[in-house]
Structures are given as structure tokens and as C-alpha cells.
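Working notes, beginning with the structure itself.
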Amino acid sequence: MRASAYPLIDADEAAALVLQHSSVLGVERIELARSVGRVLAEDLIAESPLPAFPSSAVDGYAVRAADAGKTLRVVGESAAGRPFDSSLPAGTAARILTGGVVPDGADCIVMVEDVHVSGDTVTVPASLRAGGNFHRIGDDLREGDRILSAGAQLGAAELGIAAATGRAELPVRRRPRVALMSTGDELVEVGRTPGRGQIPDSNRWALLAALREAGADVDVLGIAPDEAEPLRRVVVDALKEADALVTSGGVSVGTHDLVKPLLESLGTVHVGRVKLKPGKPFTFATLADHRVAFGLPGFPVSSLVTFEVFVRPALRKMQGFAQLHRPTLAVRLAYDAKPTADRTEYQRVVLRREGRELVAETTGSQSSSRLMSLAGAHALVRIPAGDQGFKAGTVVEALILSLP
Ligand code: AMP
Ligand code: MG
């Protein structure tokens with residue numbers, strides 16, 4: 001064992017360094033079908049009003065409000081997509097269906113429930129309001145209105161409004177291409193029977209899921225041995241295509257930990273150790289051409305917690321997300337949260353609702369090897385370094401992963 005040469009950096013400072021060195025990726029125009037979940041790269045501005053024509057909100061009769069109380073001759077019909085193409089004379093009505101164009105001359109739609117029909121006439125109520133029961137041009141959007149802002153993620157409603165305003169393609173940020181690699185001579189492919197001292201490469205699957213959820217396009221490199229040259233070859237090759245490299249394992253101070261020296265030889269290591277629990281050996285480097293590399297610790301919980309704290313926000317910045325971080329909420333602790341003297345700790349909790357409050361219960365042993373502390377966890381409670389901690393009953397901020 002040798003002592004680490006890297007200074008222990010404050011967790012917030014390390015997170016700020018990572019974000020500062022992660023650059024926003026370029027823009028591509030893609031068709032709607034492929035843009036679900038992507039991030040809009042430019043504000044979307046309405047080029048014309050929506051709706052584009054006055055359109056009936058109900059099934060009924062298009063009339064003039066001035067003809068209230070009269071019996072009117074029905075002169076035609078305006079159905080959705082099949083307009084009544086002449087102007088409506090005074091003293092007449094046109095049958096209209098939801099979505100039908102309101103004929104010129106009409107200023108009011110009377111609901112079918114409110115009229116009396118006899119032959120080809122219709123008697124309308126004694127009081128009618130001009131403007132009733134139809135959508136006017138530009139009610140939803142006026143020309144020049146901002147429809148969506150750059151940085152918005154495209155979900156169902158966003159794609160719907162883009163389509164409603166006639167966009168078949170949208171400008172979105174490129175997704176980060178991430179090369180993912182596990183390191184360690186003890187690792188075997190999942191599904192193969194581990195020999196003595198061997199374990200399945202579980203981080204690959206955990207990180208693959210986390211990366212995809214964060215919007216990355218992942219290239220799985222597999223397992224690299226704890227040997228400098230093979231490791232270097234895999235990494236150098238992968239970096240030809242990738243915007244970011246994510247490794248797990250090989251960043252602590254044991255003699256087989258080769259990731260830091262490798263990143264040191266390929267670029268600049270900005271973070272080599274962090275005052276964070278779990279995740280002290282987290283490593284971050286910048287490489288040529290705005291590429292970044294994240295050396296995550298091997299312990300499964302450490303790798304996922306450092307992913308949450310450092311990698312996910314960076315990937316979201318690269319994609320142009322307006323919102324980089326998980327939401328936080330105030331939760332009441334149901335347990336005594338003991339602090340770590342010199343490191344910020346992210347403790348895993350499950351949440352339950354009690355009245356209007358969220359109550360946080362620990363997931364049990366917080367060992368960094370114990371994935372069971374993270375499986376099913378709803379949130380990470382941030383416990384500041386020091387000797388204070390938080391007593392049960394205290395209200396603290398929690399980083400929300402999901403809500404019960
Ligand atoms: P390291 O950071 O390489 O010192 O690894 C720390 C611990 O995490 C060791 O017990 C490793 O066996 C374990 N570990 C490393 N990589 C993985 C992986 N890909 N999947 C599961 N456990 C791992
Ligand atoms: Mg290792």
C-alpha cells in the first residue's frame with residue numbers, strides 16, 4: 001500500500017469541478033418518433049396561432065347571438081375537417097360538430113342539448129352569449145409565443161404540442177456516448193460460475209441502467225484486468241468514439257489500482273479523493289477534445305452513489321437539461337443519523353407518508369458493499385461531516401430518487 005498523493009476535496013467542490021469541466025454537446029435535428037426523452041436545444045416559438053381557425057368545442061348549432069330566441073332555418077353543416085364554406089346569413093343556423101370550423105357570420109355555438117329541432121328548423125334559447133362554446137384563433141398560442149424552452153425534456157405533452165404546431169423534427173442535444181468499463185481480476189461475466197475469490201461483475205449492470213436513465217448512449221467495454229497495458233489499450237481504443245469514460249474499481253490506493261495513473265497519463269486528474277461517504281476514491285479527469293473520465297470506486301454502493309452525485313448531473317449538463325439535479329424534499333428522520341467526522345455522508349432511506357409529511361427510515365447497514373442498502377431506497381439523506389448528525393425527529397433535506 002502507498003499513501004494517496006491526491007488531496008481530499010470537499011464533496012460540493014468536487015461536484016462543482018465536475019460540472020465546470022463537462023461541456024454541453026452539439027445539436028441534431030431528429031424526427032418526433034425518435035425524440036421522446038430528449039432535450040430541446042432551442043426555444044420553440046409559435047410561427048402561427050393555435051388554433052388556426054375558430055373551432056367548435058361542442059356538438060350543436062352555429063348561430064348569431066343576435067338571433068337569440070328565434071326559430072332559425074338550418075342551412076348546412078360544419079363537421080371536423082369538412083367546413084361549411086359560405087358565410088352564415090342572418091336568421092339561419094348551421095349544424096356544427098366538435099372541431100368543426102365556425103362559419104363566417106356565426107359568433108356563438110348553441111349546444112345540441114339546448115335547442116328544439118323541428119324539420120329543418122331549430123329554436124334557440126332566449127339568451128345567447130357571443131363567443132360561447134368555441135375556441136378562437138390563437139386561444140392556445142399566439143404567433144410569437146414561446147411554446148417550449150431550451151432545456152426542456154420532451155415528454156408526451158411536449159411532443160403533442162410540437163406536433164400540433166406542425167413540427168415534424170426538433171432540434172435536440174446529442175446524447176453523450178459513454179464507454180463503460182469494469183476493472184478487476186476478481187470479476188467474471190454474470191451468468192458464469194465464479195471460481196474461488198471471484199464475483200460477478202454487477203457494477204456493469206447497475207451502471208448501465210443508471211447511465212441509460214441519465215440519457216447516455218452506452219458502449220459496454222466489459223471487464224479489464226488489473227494490468228496497466230491491457231487496461232490502457234481498452235481505454236485508448238474506447239475514447240476514439242466516446243464523450244465520456246466511466247470505469248468502476250481500481251481507484252483506491254492498493255497496488256493494483258491502476259485507473260488514476262492511467263487517467264493521469266491521458267489527461268488531467270482534477271479530483272482524486274473526495275470527502276464523501278461512500279465514495280472517497282472517486283476520480284475525475286478531463287481528456288483531450290472535451291472528453292471526461294469518471295473513475296468510480298468498485299464497491300457497488302460507492303459506484304452508484306458517486307454516479308448520482310457526480311456523473312448524472314454532468315451527463316445532464318452535456319445534454320443541455322435545464323434541471324441538472326434530482327429534486328430535494330424535506331423529510332423527517334425516523335432514526336438517529338450518525339455523522340462521519342470528515343466526510344459528507346449520503347445515507348439511503350425508504351420514505352413513507354405520515355399525514356402531510358414524508359418520514360425517512362434507514363435501509364439498514366450502510367456498508368458500501370451492501371447493495372441492499374440502495375435497492376428500493378427512495379432517497380439519499382445528506383448528513384454533513386462533523387460530530388453533530390441528526391436525531392430522530394429532525395427534518396432534513398433528502399435527494400429524491402423516487403416517491404412512495
Ligand atoms: P476496488 O475499488 O477495485 O478496490 O474494489 C472495491 C471492492 O468492490 C472490491 O471488493 C471489489 O471486488 C468490488 N468490486 C469492484 N468492481 C466490481 C464490480 N464490477 N462489480 C461488483 N463488485 C466490484
Ligand atoms: Mg479492484
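Ligands are numbered from 1 in the order shown, chains are lettered A, B, ... in the order of the C-alpha cells, and residues start at 1 in each chain.
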Distance limit 10 Å, reference ligand 1, atoms considered: only C-alpha atoms and all ligand atoms. Which residues make the cut? Give them as a PyMOL selection string.
chain A and resi 181-190+197-207+222-224+226+247-259+279+281-282+295-303+368-369+371
Within 7 Å of Val27 in chain A using only C-alpha atoms, minus same-chain residues under 2 positions, as a list in words
Leu25, Arg29, Ala41, Pro171, Val172, Arg173 and Arg174 of chain A
Considering only helix (DSSP H, G or I) as DSSP defines it on the backbone, what residues of range 316-383 of chain A qualify? List them as a VMD selection string.
chain A and resid 316 to 318 371 to 373
Using the selection just defined, write its residues with N, CA and C atoms as a PDB file, in the first residue's frame.
```pdb
ATOM      1  N   ARG A 316     -26.313  15.214 -17.593  1.00  0.00           N
ATOM      2  CA  ARG A 316     -27.469  16.079 -17.883  1.00  0.00           C
ATOM      3  C   ARG A 316     -27.001  17.442 -18.384  1.00  0.00           C
ATOM      4  N   LYS A 317     -25.906  17.935 -17.852  1.00  0.00           N
ATOM      5  CA  LYS A 317     -25.370  19.196 -18.386  1.00  0.00           C
ATOM      6  C   LYS A 317     -24.982  19.006 -19.851  1.00  0.00           C
ATOM      7  N   MET A 318     -24.317  17.897 -20.159  1.00  0.00           N
ATOM      8  CA  MET A 318     -23.896  17.640 -21.542  1.00  0.00           C
ATOM      9  C   MET A 318     -25.091  17.631 -22.496  1.00  0.00           C
ATOM     10  N   LEU A 371     -25.352  -3.617  -1.423  1.00  0.00           N
ATOM     11  CA  LEU A 371     -26.306  -3.058  -2.399  1.00  0.00           C
ATOM     12  C   LEU A 371     -27.731  -3.038  -1.869  1.00  0.00           C
ATOM     13  N   MET A 372     -28.001  -3.942  -0.906  1.00  0.00           N
ATOM     14  CA  MET A 372     -29.345  -3.988  -0.331  1.00  0.00           C
ATOM     15  C   MET A 372     -29.695  -2.670   0.362  1.00  0.00           C
ATOM     16  N   SER A 373     -28.679  -1.848   0.679  1.00  0.00           N
ATOM     17  CA  SER A 373     -28.992  -0.549   1.296  1.00  0.00           C
ATOM     18  C   SER A 373     -29.547   0.427   0.260  1.00  0.00           C
TER      19      SER A 373
END
```
Determine which residues of range 174-232 of chain A receive a DSSP assignment of strand (DSSP E), computed from the backbone, and state them as a PyMOL selection string.
chain A and resi 177-183+187-188+199-200+217-224
Of the candidates A:Leu8, A:Ala360, A:Ala163, A:Val274, which one gets nearest to Ile147 in chain A if we count only C-alpha atoms?
A:Ala163
Which residues come within 10 Å of Glu13 in chain A, counting only C-alpha atoms, excluding same-chain residues fewer than 6 positions away, as a PDB file with N, CA, C and O atoms, in the first residue's frame?
```pdb
ATOM      1  N   LEU A  19     -18.867  19.605 -12.921  1.00  0.00           N
ATOM      2  CA  LEU A  19     -19.808  20.324 -13.798  1.00  0.00           C
ATOM      3  C   LEU A  19     -19.084  21.360 -14.649  1.00  0.00           C
ATOM      4  O   LEU A  19     -19.354  21.506 -15.842  1.00  0.00           O
ATOM      5  N   VAL A 271      -9.935  15.554  -9.684  1.00  0.00           N
ATOM      6  CA  VAL A 271     -10.402  15.061  -8.388  1.00  0.00           C
ATOM      7  C   VAL A 271      -9.846  13.651  -8.222  1.00  0.00           C
ATOM      8  O   VAL A 271     -10.027  12.806  -9.104  1.00  0.00           O
ATOM      9  N   VAL A 274     -12.328  12.328  -2.479  1.00  0.00           N
ATOM     10  CA  VAL A 274     -13.407  13.248  -2.066  1.00  0.00           C
ATOM     11  C   VAL A 274     -13.809  12.975  -0.626  1.00  0.00           C
ATOM     12  O   VAL A 274     -13.849  11.817  -0.190  1.00  0.00           O
ATOM     13  N   LYS A 275     -14.183  14.041   0.075  1.00  0.00           N
ATOM     14  CA  LYS A 275     -14.697  13.888   1.446  1.00  0.00           C
ATOM     15  C   LYS A 275     -16.150  13.457   1.348  1.00  0.00           C
ATOM     16  O   LYS A 275     -17.077  14.228   1.628  1.00  0.00           O
TER      17      LYS A 275
END
```
Can you pull out the residues contacting range 348-358 of chain A? Cut-off 9 Å, using only C-alpha atoms, and skip same-chain residues under 3 positions away; I want them as a PyMOL selection string.
chain A and resi 329-333+361-364+366+373-374+376-381+403-404
Taking only C-alpha atoms into account, which of A:Val63, A:Ala14, A:Ala57, A:Ala80 comes nearest Phe294 in chain A?
A:Ala14
Would you mind listing what lies within 7 Å of Thr121 in chain A as a JSON list (two decimals) with all heavy atoms, in the first residue's frame, with only C-alpha atoms counted and same-chain residues fewer than 4 positions away left out?
```json
[["chain", "number", "residue", "atom", "x", "y", "z"],
["A", 71, "THR", "N", -86.59, 31.05, -34.11],
["A", 71, "THR", "CA", -86.56, 29.77, -34.82],
["A", 71, "THR", "C", -85.82, 30.01, -36.13],
["A", 71, "THR", "O", -86.19, 30.89, -36.90],
["A", 71, "THR", "CB", -87.98, 29.26, -35.06],
["A", 71, "THR", "OG1", -88.57, 29.00, -33.78],
["A", 71, "THR", "CG2", -87.98, 27.97, -35.88],
["A", 72, "LEU", "N", -84.73, 29.24, -36.34],
["A", 72, "LEU", "CA", -83.81, 29.51, -37.45],
["A", 72, "LEU", "C", -83.82, 28.34, -38.43],
["A", 72, "LEU", "O", -83.93, 27.18, -38.02],
["A", 72, "LEU", "CB", -82.39, 29.72, -36.91],
["A", 72, "LEU", "CG", -82.26, 30.74, -35.76],
["A", 72, "LEU", "CD1", -80.85, 30.68, -35.16],
["A", 72, "LEU", "CD2", -82.56, 32.15, -36.27],
["A", 73, "ARG", "N", -83.68, 28.66, -39.71],
["A", 73, "ARG", "CA", -83.59, 27.61, -40.73],
["A", 73, "ARG", "C", -82.17, 27.06, -40.74],
["A", 73, "ARG", "O", -81.19, 27.82, -40.70],
["A", 73, "ARG", "CB", -83.95, 28.21, -42.10],
["A", 73, "ARG", "CG", -84.23, 27.16, -43.16],
["A", 73, "ARG", "CD", -85.01, 27.80, -44.33],
["A", 73, "ARG", "NE", -84.30, 28.99, -44.81],
["A", 73, "ARG", "CZ", -83.29, 28.94, -45.70],
["A", 73, "ARG", "NH1", -82.90, 27.79, -46.21],
["A", 73, "ARG", "NH2", -82.70, 30.06, -46.10],
["A", 74, "VAL", "N", -82.07, 25.72, -40.75],
["A", 74, "VAL", "CA", -80.74, 25.08, -40.76],
["A", 74, "VAL", "C", -80.28, 24.98, -42.21],
["A", 74, "VAL", "O", -80.92, 24.31, -43.02],
["A", 74, "VAL", "CB", -80.78, 23.69, -40.10],
["A", 74, "VAL", "CG1", -79.40, 23.03, -40.16],
["A", 74, "VAL", "CG2", -81.26, 23.81, -38.65],
["A", 117, "VAL", "N", -85.38, 21.06, -32.12],
["A", 117, "VAL", "CA", -85.28, 20.84, -33.56],
["A", 117, "VAL", "C", -86.64, 20.42, -34.09],
["A", 117, "VAL", "O", -87.32, 19.58, -33.48],
["A", 117, "VAL", "CB", -84.25, 19.73, -33.88],
["A", 117, "VAL", "CG1", -84.10, 19.53, -35.39],
["A", 117, "VAL", "CG2", -82.89, 20.07, -33.26]]
```
Identify which of the residues A:Glu227, A:Asp145, A:Asp139, A:Glu345 lies closest to ligand 2, counting only C-alpha atoms and all ligand atoms when measuring atom-to-atom distances.
A:Glu227
Can I get the residues of range 124-227 of chain A within 12 Å of range 94-100 of chain A, each with the closest pair of atoms and their distance in Å to one decimal, using only C-alpha atoms, sorted chain first then ascending number, as CSV?
```
residue,atom,partner,partner_atom,distance
A:Asn133,CA,A:Thr98,CA,9.7
A:Phe134,CA,A:Gly99,CA,8.8
A:His135,CA,A:Gly99,CA,9.1
A:Arg136,CA,A:Gly99,CA,11.6
```
Export of the given selection (all heavy atoms) as a JSON list (two decimals), in the first residue's frame:
```
[["chain", "number", "residue", "atom", "x", "y", "z"],
["A", 133, "ASN", "N", -68.86, 28.74, -26.46],
["A", 133, "ASN", "CA", -68.68, 27.35, -26.91],
["A", 133, "ASN", "C", -67.80, 27.13, -28.14],
["A", 133, "ASN", "O", -67.94, 26.12, -28.82],
["A", 133, "ASN", "CB", -70.04, 26.67, -27.15],
["A", 133, "ASN", "CG", -70.80, 26.47, -25.85],
["A", 133, "ASN", "OD1", -70.18, 26.27, -24.80],
["A", 133, "ASN", "ND2", -72.11, 26.55, -25.91],
["A", 134, "PHE", "N", -66.92, 28.08, -28.41],
["A", 134, "PHE", "CA", -65.92, 27.76, -29.44],
["A", 134, "PHE", "C", -64.56, 28.36, -29.07],
["A", 134, "PHE", "O", -64.48, 29.27, -28.25],
["A", 134, "PHE", "CB", -66.38, 28.18, -30.84],
["A", 134, "PHE", "CG", -66.44, 29.67, -31.09],
["A", 134, "PHE", "CD1", -65.35, 30.34, -31.62],
["A", 134, "PHE", "CD2", -67.60, 30.39, -30.80],
["A", 134, "PHE", "CE1", -65.42, 31.70, -31.86],
["A", 134, "PHE", "CE2", -67.66, 31.75, -31.04],
["A", 134, "PHE", "CZ", -66.57, 32.41, -31.57],
["A", 135, "HIS", "N", -63.53, 27.78, -29.64],
["A", 135, "HIS", "CA", -62.16, 28.25, -29.41],
["A", 135, "HIS", "C", -61.82, 29.25, -30.51],
["A", 135, "HIS", "O", -61.97, 28.95, -31.68],
["A", 135, "HIS", "CB", -61.17, 27.07, -29.49],
["A", 135, "HIS", "CG", -61.53, 25.95, -28.57],
["A", 135, "HIS", "ND1", -61.46, 26.05, -27.19],
["A", 135, "HIS", "CD2", -61.98, 24.69, -28.81],
["A", 135, "HIS", "CE1", -61.85, 24.91, -26.65],
["A", 135, "HIS", "NE2", -62.17, 24.07, -27.61],
["A", 136, "ARG", "N", -61.37, 30.42, -30.09],
["A", 136, "ARG", "CA", -60.99, 31.42, -31.08],
["A", 136, "ARG", "C", -59.58, 31.20, -31.59],
["A", 136, "ARG", "O", -58.76, 30.54, -30.93],
["A", 136, "ARG", "CB", -61.11, 32.83, -30.49],
["A", 136, "ARG", "CG", -62.54, 33.35, -30.57],
["A", 136, "ARG", "CD", -62.82, 34.26, -29.44],
["A", 136, "ARG", "NE", -62.53, 33.53, -28.19],
["A", 136, "ARG", "CZ", -62.91, 33.93, -27.00],
["A", 136, "ARG", "NH1", -63.56, 35.06, -26.86],
["A", 136, "ARG", "NH2", -62.64, 33.22, -25.93]]
```
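The residue set within 12 Å of Ala210 in chain A, counting only C-alpha atoms and dropping same-chain residues fewer than 5 places from it, reads Val178, Leu180, Asn203, Arg204, Trp205, Gly215, Ala216, Asp217, Val218, Val246, Ser303, Leu304, Val305, Thr306, Phe307, Glu308, Val311, Arg312, Pro313, Leu315 and Leu401 of chain A.
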